[in-house]
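A.B. asks: Next up, my_file.cif (mmCIF, C-alpha atoms).
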data_target
loop_
_atom_site.label_atom_id
_atom_site.label_comp_id
_atom_site.auth_asym_id
_atom_site.auth_seq_id
_atom_site.Cartn_x
_atom_site.Cartn_y
_atom_site.Cartn_z
CA MET A 1025 69.04 25.89 -8.84
CA PHE A 1026 72.24 24.67 -7.20
CA ASP A 1027 75.74 23.53 -8.19
CA ALA A 1028 76.54 19.84 -8.46
CA LEU A 1029 79.43 17.79 -9.74
CA LEU A 1030 77.85 15.47 -12.29
CA ILE A 1031 79.37 12.37 -13.83
CA GLU A 1032 77.75 11.71 -17.20
CA LYS A 1033 78.20 9.04 -19.84
CA SER A 1034 77.77 9.58 -23.59
CA PRO A 1035 76.08 7.05 -25.90
CA ASP A 1036 79.52 5.80 -26.95
CA GLY A 1037 80.40 5.01 -23.34
CA GLN A 1038 82.73 7.96 -22.68
CA GLN A 1039 82.55 9.39 -19.17
CA SER A 1040 82.71 13.14 -18.48
CA VAL A 1041 82.72 15.13 -15.24
CA HIS A 1042 81.48 18.74 -14.96
CA VAL A 1043 80.14 21.17 -12.39
CA ARG A 1044 76.62 21.98 -13.53
CA GLN A 1045 73.65 24.04 -12.38
CA VAL A 1046 70.88 21.62 -11.42
CA ASP A 1047 67.23 22.19 -10.59
CA GLU A 1048 66.02 20.83 -7.24
CA THR A 1049 63.38 18.78 -9.07
CA SER A 1050 66.23 16.64 -10.43
CA LEU A 1051 67.08 15.32 -6.95
CA PRO A 1052 66.20 11.66 -6.30
CA ASP A 1053 63.43 10.56 -3.96
CA GLY A 1054 63.76 10.99 -0.20
CA ASP A 1055 61.87 12.51 2.70
CA VAL A 1056 64.62 14.92 3.83
CA THR A 1057 66.28 17.64 1.75
CA VAL A 1058 69.63 18.87 3.08
CA ARG A 1059 71.55 22.02 2.22
CA VAL A 1060 75.04 20.55 2.01
CA GLU A 1061 77.76 22.72 3.55
CA TRP A 1062 80.74 20.36 3.36
CA SER A 1063 81.63 17.08 1.71
CA THR A 1064 84.88 15.18 1.44
CA LEU A 1065 86.91 13.25 -1.13
CA ASN A 1066 87.21 9.52 -0.48
CA TYR A 1067 89.05 6.76 -2.33
CA LYS A 1068 85.75 5.45 -3.70
CA ASP A 1069 84.80 8.93 -4.90
CA ALA A 1070 88.15 9.23 -6.66
CA LEU A 1071 87.62 5.91 -8.46
CA ALA A 1072 84.16 7.06 -9.59
CA ILE A 1073 85.24 10.53 -10.73
CA THR A 1074 88.30 9.32 -12.67
CA GLY A 1075 86.49 6.29 -14.08
CA ARG A 1076 89.25 4.01 -12.79
CA GLY A 1077 86.76 1.81 -10.93
CA PRO A 1078 83.22 0.60 -11.74
CA ILE A 1079 81.61 2.54 -8.90
CA ILE A 1080 78.71 4.35 -10.58
CA ARG A 1081 75.55 2.27 -11.02
CA GLN A 1082 73.54 4.79 -13.05
CA PHE A 1083 74.13 8.06 -14.91
CA PRO A 1084 74.09 10.98 -14.51
CA MET A 1085 75.40 10.76 -10.93
CA ALA A 1086 76.49 13.28 -8.32
CA PRO A 1087 79.30 11.45 -6.52
CA GLY A 1088 80.26 11.89 -2.88
CA VAL A 1089 79.76 9.17 -0.27
CA ASP A 1090 79.71 11.74 2.56
CA PHE A 1091 78.08 15.05 3.34
CA ALA A 1092 77.22 17.27 6.27
CA GLY A 1093 74.76 20.13 6.31
CA VAL A 1094 71.47 21.56 7.51
CA VAL A 1095 67.99 20.17 6.93
CA GLU A 1096 65.95 22.42 4.64
CA LYS A 1097 62.79 20.33 4.26
CA SER A 1098 61.54 17.19 5.96
CA SER A 1099 58.38 15.12 5.79
CA ASN A 1100 59.76 12.75 8.44
CA SER A 1101 59.25 13.52 12.13
CA ALA A 1102 62.83 12.42 12.93
CA TYR A 1103 64.23 15.66 11.48
CA ALA A 1104 63.10 19.27 11.24
CA PRO A 1105 64.38 22.23 9.24
CA GLY A 1106 67.51 23.61 10.88
CA ASP A 1107 68.77 20.25 12.21
CA ARG A 1108 72.45 19.60 11.55
CA VAL A 1109 73.03 16.17 10.03
CA LEU A 1110 75.65 14.06 8.32
CA LEU A 1111 75.60 11.03 6.04
CA ASN A 1112 78.12 8.27 5.34
CA GLY A 1113 77.61 5.48 2.83
CA TRP A 1114 74.24 3.88 2.06
CA GLY A 1115 75.14 3.82 -1.63
CA VAL A 1116 75.03 7.59 -2.12
CA GLY A 1117 77.37 8.66 -4.86
CA GLU A 1118 76.95 5.23 -6.45
CA LYS A 1119 73.24 4.67 -7.07
CA HIS A 1120 71.74 7.69 -5.29
CA TRP A 1121 72.96 11.26 -5.79
CA GLY A 1122 75.60 12.05 -3.20
CA GLY A 1123 77.32 14.84 -1.34
CA LEU A 1124 79.38 16.61 -4.01
CA ALA A 1125 76.47 18.95 -4.64
CA GLN A 1126 74.98 21.89 -2.78
CA LYS A 1127 71.78 19.97 -2.05
CA ALA A 1128 70.91 16.35 -1.34
CA ARG A 1129 67.63 14.52 -0.85
CA VAL A 1130 67.74 11.20 1.02
CA PRO A 1131 65.64 8.93 3.25
CA ALA A 1132 65.69 10.07 6.88
CA ALA A 1133 66.94 6.62 7.95
CA TRP A 1134 70.26 7.30 6.20
CA LEU A 1135 71.03 10.43 8.22
CA THR A 1136 72.92 10.70 11.50
CA PRO A 1137 72.50 13.68 13.86
CA LEU A 1138 75.68 15.76 13.92
CA PRO A 1139 77.32 15.62 17.38
CA SER A 1140 77.51 19.07 18.96
CA ALA A 1141 81.30 18.73 19.29
CA PHE A 1142 81.69 18.98 15.52
CA SER A 1143 81.07 21.63 12.92
CA THR A 1144 79.88 20.36 9.55
CA ARG A 1145 83.43 21.02 8.30
CA SER A 1146 85.20 19.06 11.04
CA ALA A 1147 82.74 16.20 10.61
CA MET A 1148 83.76 15.96 6.96
CA ALA A 1149 87.44 16.20 7.88
CA LEU A 1150 86.65 12.82 9.45
CA GLY A 1151 84.00 11.60 7.00
CA THR A 1152 83.66 7.92 6.14
CA ALA A 1153 87.41 7.52 6.74
CA GLY A 1154 87.23 8.65 10.36
CA TYR A 1155 83.95 6.91 11.02
CA THR A 1156 85.36 3.65 9.58
CA ALA A 1157 88.50 3.99 11.70
CA MET A 1158 86.30 4.37 14.78
CA LEU A 1159 84.27 1.28 13.85
CA CYS A 1160 87.56 -0.67 13.65
CA ILE A 1161 88.68 0.54 17.07
CA LEU A 1162 85.31 -0.20 18.66
CA ALA A 1163 85.56 -3.73 17.22
CA LEU A 1164 89.06 -4.18 18.68
CA GLN A 1165 87.79 -3.04 22.07
CA GLN A 1166 84.76 -5.31 21.86
CA GLN A 1167 87.11 -8.23 21.19
CA GLY A 1168 89.11 -7.36 24.29
CA VAL A 1169 92.16 -5.65 22.78
CA THR A 1170 93.37 -3.09 25.32
CA LYS A 1171 96.48 -0.92 25.40
CA GLU A 1172 97.96 -3.50 27.81
CA SER A 1173 97.42 -6.29 25.25
CA GLY A 1174 100.34 -5.14 23.11
CA PRO A 1175 101.07 -3.07 19.98
CA VAL A 1176 98.46 -2.38 17.33
CA ILE A 1177 99.49 -2.17 13.67
CA VAL A 1178 97.77 0.11 11.15
CA THR A 1179 98.31 -0.45 7.42
CA GLY A 1180 97.85 2.29 4.85
CA ALA A 1181 98.64 4.71 7.63
CA SER A 1182 99.14 7.68 5.32
CA GLY A 1183 95.61 7.43 3.93
CA GLY A 1184 92.33 8.67 5.32
CA VAL A 1185 91.28 5.69 7.43
CA GLY A 1186 94.82 4.84 8.46
CA SER A 1187 95.85 8.31 9.58
CA VAL A 1188 92.72 8.78 11.68
CA ALA A 1189 93.16 5.29 13.17
CA VAL A 1190 96.74 6.15 14.16
CA MET A 1191 95.57 9.38 15.79
CA LEU A 1192 92.69 7.77 17.69
CA LEU A 1193 94.62 4.71 18.87
CA ALA A 1194 97.46 6.88 20.12
CA ARG A 1195 94.95 9.10 21.94
CA LEU A 1196 93.62 5.98 23.67
CA GLY A 1197 97.12 5.05 24.83
CA TYR A 1198 97.91 2.20 22.42
CA HIS A 1199 101.42 1.61 21.08
CA VAL A 1200 100.82 2.16 17.35
CA ALA A 1201 102.93 0.81 14.51
CA ALA A 1202 102.13 2.64 11.26
CA VAL A 1203 102.76 0.96 7.91
CA THR A 1204 103.26 3.28 4.93
CA GLY A 1205 104.80 3.25 1.50
CA ARG A 1206 105.73 6.92 1.81
CA GLU A 1207 108.94 7.61 3.71
CA THR A 1208 108.14 11.32 3.48
CA GLU A 1209 105.17 10.76 5.83
CA ARG A 1210 107.34 9.70 8.77
CA ASP A 1211 107.22 13.04 10.60
CA HIS A 1212 103.51 13.44 9.96
CA LEU A 1213 102.67 9.99 11.33
CA THR A 1214 104.88 10.55 14.34
CA HIS A 1215 102.99 13.80 14.97
CA LEU A 1216 99.73 11.84 14.88
CA GLY A 1217 101.06 9.50 17.57
CA ALA A 1218 102.72 6.57 15.79
CA ALA A 1219 105.43 4.94 17.93
CA GLU A 1220 106.89 2.96 15.01
CA ILE A 1221 106.97 3.58 11.26
CA LEU A 1222 107.27 0.43 9.14
CA PRO A 1223 107.85 0.25 5.36
CA ARG A 1224 105.02 -1.22 3.32
CA GLU A 1225 107.49 -3.39 1.39
CA ASP A 1226 107.96 -5.49 4.53
CA PHE A 1227 104.36 -6.68 4.14
CA SER A 1228 103.89 -6.68 0.36
CA LYS A 1229 105.68 -9.91 -0.59
CA PRO A 1230 104.56 -13.49 0.11
CA GLY A 1231 105.60 -14.56 3.60
CA LYS A 1232 105.45 -17.59 5.86
CA PRO A 1233 102.17 -19.04 7.13
CA LEU A 1234 103.26 -17.84 10.58
CA GLU A 1235 105.66 -15.00 11.23
CA LYS A 1236 107.06 -13.67 14.50
CA ALA A 1237 104.12 -12.84 16.78
CA ARG A 1238 104.17 -9.07 17.24
CA TRP A 1239 100.71 -7.48 17.20
CA ALA A 1240 97.78 -7.66 19.58
CA GLY A 1241 95.49 -5.80 17.18
CA ALA A 1242 95.41 -4.52 13.65
CA VAL A 1243 93.51 -2.05 11.48
CA ASP A 1244 93.98 -3.11 7.87
CA VAL A 1245 92.88 -0.99 4.91
CA ALA A 1246 94.99 -2.84 2.36
CA GLY A 1247 93.72 -6.40 1.94
CA GLY A 1248 95.65 -8.69 -0.37
CA GLN A 1249 99.13 -9.87 0.57
CA VAL A 1250 99.45 -7.14 3.20
CA LEU A 1251 96.47 -8.47 5.14
CA ALA A 1252 97.77 -12.04 4.84
CA ASN A 1253 101.14 -11.02 6.31
CA VAL A 1254 99.52 -9.02 9.10
CA CYS A 1255 97.44 -12.05 10.10
CA ALA A 1256 100.55 -14.23 10.08
CA SER A 1257 102.33 -11.88 12.52
CA MET A 1258 99.55 -11.54 15.10
CA LYS A 1259 100.02 -12.55 18.71
CA PRO A 1260 97.99 -15.48 20.09
CA GLY A 1261 94.42 -14.23 20.49
CA GLY A 1262 95.15 -11.20 18.31
CA VAL A 1263 92.37 -9.37 16.48
CA VAL A 1264 92.52 -7.99 12.92
CA THR A 1265 89.89 -5.56 11.63
CA ALA A 1266 89.68 -5.46 7.82
CA CYS A 1267 88.03 -2.48 6.15
CA GLY A 1268 89.72 -1.91 2.79
CA LEU A 1269 91.24 -3.32 -0.38
CA ALA A 1270 93.87 -0.78 -1.42
CA ALA A 1271 96.34 -3.63 -2.06
CA GLY A 1272 93.82 -5.99 -3.62
CA MET A 1273 90.66 -8.01 -3.09
CA ASP A 1274 92.42 -11.35 -2.80
CA PHE A 1275 93.48 -12.89 0.49
CA PRO A 1276 96.47 -15.23 -0.13
CA ALA A 1277 96.67 -16.54 3.45
CA THR A 1278 96.60 -19.89 5.24
CA VAL A 1279 94.45 -20.98 8.17
CA ALA A 1280 97.54 -21.23 10.39
CA PRO A 1281 97.05 -17.93 12.28
CA PHE A 1282 93.44 -18.82 13.03
CA ILE A 1283 93.85 -22.42 14.19
CA LEU A 1284 97.32 -22.19 15.79
CA ARG A 1285 97.14 -18.74 17.39
CA GLY A 1286 93.42 -18.16 17.70
CA VAL A 1287 93.55 -14.98 15.62
CA THR A 1288 90.20 -13.30 14.95
CA LEU A 1289 89.49 -11.55 11.63
CA VAL A 1290 86.67 -9.00 11.90
CA GLY A 1291 85.14 -7.48 8.77
CA ILE A 1292 84.12 -3.82 9.00
CA ASP A 1293 81.25 -2.63 6.79
CA SER A 1294 80.82 1.13 7.05
CA VAL A 1295 78.43 1.48 4.10
CA MET A 1296 75.37 -0.43 5.38
CA CYS A 1297 76.18 -0.24 9.09
CA ASP A 1298 73.06 0.02 11.27
CA HIS A 1299 71.99 3.36 12.74
CA ASP A 1300 72.80 2.57 16.38
CA ARG A 1301 76.41 1.63 15.62
CA ARG A 1302 76.81 4.78 13.52
CA VAL A 1303 75.63 6.94 16.39
CA LYS A 1304 77.93 5.10 18.80
CA ALA A 1305 80.90 5.60 16.48
CA TRP A 1306 80.25 9.32 15.99
CA ASP A 1307 79.69 9.84 19.72
CA ALA A 1308 83.03 8.13 20.39
CA LEU A 1309 84.72 10.33 17.78
CA ALA A 1310 83.30 13.42 19.46
CA LYS A 1311 84.99 12.43 22.72
CA LEU A 1312 88.32 11.37 21.23
CA VAL A 1313 89.22 13.54 18.27
CA ASP A 1314 91.92 16.14 18.72
CA VAL A 1315 90.51 18.84 16.44
CA GLU A 1316 93.87 20.60 16.10
CA LYS A 1317 95.60 17.39 14.95
CA LEU A 1318 92.70 16.69 12.61
CA GLU A 1319 93.02 20.16 11.10
CA SER A 1320 96.76 19.64 10.63
CA GLN A 1321 96.07 16.85 8.13
CA THR A 1322 93.10 18.47 6.37
CA LYS A 1323 93.16 20.26 3.02
CA GLU A 1324 90.24 22.37 1.77
CA ILE A 1325 89.21 22.47 -1.89
CA SER A 1326 86.27 23.76 -3.93
CA LEU A 1327 83.84 21.74 -6.01
CA ARG A 1328 85.72 22.73 -9.16
CA ASP A 1329 88.97 21.32 -7.75
CA VAL A 1330 87.51 17.86 -7.12
CA SER A 1331 88.38 16.17 -10.43
CA GLU A 1332 92.04 17.16 -10.28
CA SER A 1333 92.27 16.17 -6.61
CA ALA A 1334 90.65 12.81 -7.31
CA ALA A 1335 93.39 11.92 -9.78
CA ALA A 1336 96.06 13.11 -7.33
CA LEU A 1337 94.57 10.96 -4.58
CA LEU A 1338 94.73 7.79 -6.68
CA ASP A 1339 98.26 8.67 -7.79
CA GLY A 1340 99.41 8.83 -4.16
CA LYS A 1341 100.02 12.59 -4.24
CA LEU A 1342 97.62 13.49 -1.43
CA HIS A 1343 97.82 12.52 2.22
CA GLY A 1344 95.41 12.95 5.10
CA ARG A 1345 91.94 14.34 4.58
CA VAL A 1346 90.40 16.53 1.89
CA VAL A 1347 87.24 18.55 2.57
CA VAL A 1348 85.10 20.13 -0.13
CA LYS A 1349 83.41 23.47 0.58
CA LEU A 1350 79.91 23.66 -0.88
CA ASP A 1351 78.01 26.27 1.08
#
Take the structure in this file and express it as structure tokens.

C.D. replies:
Amino acid sequence: MFDALLIEKSPDGQQSVHVRQVDETSLPDGDVTVRVEWSTLNYKDALAITGRGPIIRQFPMAPGVDFAGVVEKSSNSAYAPGDRVLLNGWGVGEKHWGGLAQKARVPAAWLTPLPSAFSTRSAMALGTAGYTAMLCILALQQQGVTKESGPVIVTGASGGVGSVAVMLLARLGYHVAAVTGRETERDHLTHLGAAEILPREDFSKPGKPLEKARWAGAVDVAGGQVLANVCASMKPGGVVTACGLAAGMDFPATVAPFILRGVTLVGIDSVMCDHDRRVKAWDALAKLVDVEKLESQTKEISLRDVSESAAALLDGKLHGRVVVKLD
């Protein structure tokens, strides 16, 4: 038996969330069973746990799009008992039991070997947020955006993806402009390496098809009007990586930035990303991450604290990263 956070739905459609004792036979199919040591709380998890977003595909469900731990059993030659592994995405926590439980069973193809530079805890302090931020930066680099190209703007900079992106870009020597709706986060973002702090309201209202050209690159977690305004203010040949929808799924933009300035918009999919790119991203994180700075923006909670923290996350009362201790 092991503890798991279970989201259940009653016959009348009411959702409930409880920590329950679960038998290992209840785990879904997979060829690797992992003893989960740490998980993390992501925006998608918070939507699922609070019921504020249609995330869960089937009930009951153990949420948690991330986990890190140690292999207990494996019928796949790729992994052996004792191997340290992590998982991001692949639909876990949505249609396959996820990481907010003390055990998980998944296909071996979904797992990534844990880089030796990280503990299972520090890996979850990064989680999907850090891994997604690294995918964005790798895409900017692949498109030729260097620190000499000009400033890089990061929207949603107080959140998980944004804060890690600020930290990593600054570590690489980029001039980083951080966009946030929280004035109280100014000192924190400066500590992470932001050279400029910009108010979100400057990007939230409809703007011109083309604004003053300011940015060589962008990491956007917002979508919506914010993404449209970021695109409109890119330098000629600028590159925008889009990985989120915190400000909406719509994209009220014009083609002007793309046909008059040659701006490139790159979509970042961290959920179904292929194995090789995952390994490349995590290897890059292992070389770049300042563990002390990462720890400075990480809060630790227990499994029983998750529901309350999920609501706080959606209400804008949490910043940085949240790790969940399971072992």

A.B. asks: Could you check the closest approach to A:Arg1206 for each of A:Ser1098, A:Gln1249, A:Thr1049, A:Ser1182 and tell me which residue wins, using only C-alpha atoms?

C.D. replies: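 Going through A:Ser1098, A:Gln1249, A:Thr1049, A:Ser1182 one by one, the smallest distance to A:Arg1206 is for A:Ser1182.
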
A.B. asks: Of the candidates A:Thr1265, A:Thr1214, A:Gln1126, A:Gln1082, which one gets nearest to A:Val1058 if we count only C-alpha atoms?

C.D. replies: A:Gln1126

A.B. asks: Which value, in Å to one decimal, gives the distance between atom CA of A:Arg1081 and atom CA of A:Lys1323?

C.D. replies: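 Calculated distance between atom CA of A:Arg1081 and atom CA of A:Lys1323 is 28.8 Å.
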
A.B. asks: Just the residues within 7 Å of A:Ile1073, please, counting all atoms listed in the file, with nothing from its chain fewer than 2 positions along; format it as a PDB file with C-alpha atoms, in the frame of the given file.

C.D. replies:
ATOM      1  CA  ILE A1031      79.370  12.370 -13.830  1.00  0.00           C
ATOM      2  CA  VAL A1041      82.720  15.130 -15.240  1.00  0.00           C
ATOM      3  CA  ASP A1069      84.800   8.930  -4.900  1.00  0.00           C
ATOM      4  CA  ALA A1070      88.150   9.230  -6.660  1.00  0.00           C
ATOM      5  CA  LEU A1071      87.620   5.910  -8.460  1.00  0.00           C
ATOM      6  CA  GLY A1075      86.490   6.290 -14.080  1.00  0.00           C
ATOM      7  CA  SER A1331      88.380  16.170 -10.430  1.00  0.00           C
ATOM      8  CA  ALA A1334      90.650  12.810  -7.310  1.00  0.00           C
TER       9      ALA A1334
END

A.B. asks: Set the distance at 10 Å and use only C-alpha atoms: which residues neighbour A:Ala1308 once local chain neighbours fewer than 5 positions away are removed? I'd like the list as a PDB file with C-alpha atoms, in the frame of the given file.

C.D. replies:
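Listing of selection11.pdb after writing:
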ATOM      1  CA  PRO A1139      77.320  15.620  17.380  1.00  0.00           C
ATOM      2  CA  TYR A1155      83.950   6.910  11.020  1.00  0.00           C
ATOM      3  CA  MET A1158      86.300   4.370  14.780  1.00  0.00           C
ATOM      4  CA  LEU A1159      84.270   1.280  13.850  1.00  0.00           C
ATOM      5  CA  LEU A1162      85.310  -0.200  18.660  1.00  0.00           C
ATOM      6  CA  ARG A1302      76.810   4.780  13.520  1.00  0.00           C
ATOM      7  CA  VAL A1303      75.630   6.940  16.390  1.00  0.00           C
ATOM      8  CA  VAL A1313      89.220  13.540  18.270  1.00  0.00           C
TER       9      VAL A1313
END

A.B. asks: May I ask which of the residues A:Gly1184, A:Val1116, A:Trp1306, A:Val1263 is the closest one to A:Gln1167, counting all atoms listed in the file?

C.D. replies: A:Val1263

A.B. asks: Which one of A:His1120, A:Lys1171, A:Lys1033, A:Arg1224 sits closest to A:Gly1197 if you count all atoms listed in the file?

C.D. replies: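 Closest to A:Gly1197 of all the choices is A:Lys1171.
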
A.B. asks: Which residues are close to A:Glu1118, i.e. within 7 Å by all atoms listed in the file, leaving aside same-chain residues fewer than 5 positions away? Reply as a PyMOL selection string.

C.D. replies: chain A and resi 1079-1081+1087

A.B. asks: Report, in Å with one decimal, the straight-line distance from atom CA of A:Val1169 to atom CA of A:Leu1284.

C.D. replies: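 So the two atoms, atom CA of A:Val1169 and atom CA of A:Leu1284, lie 18.7 Å apart.
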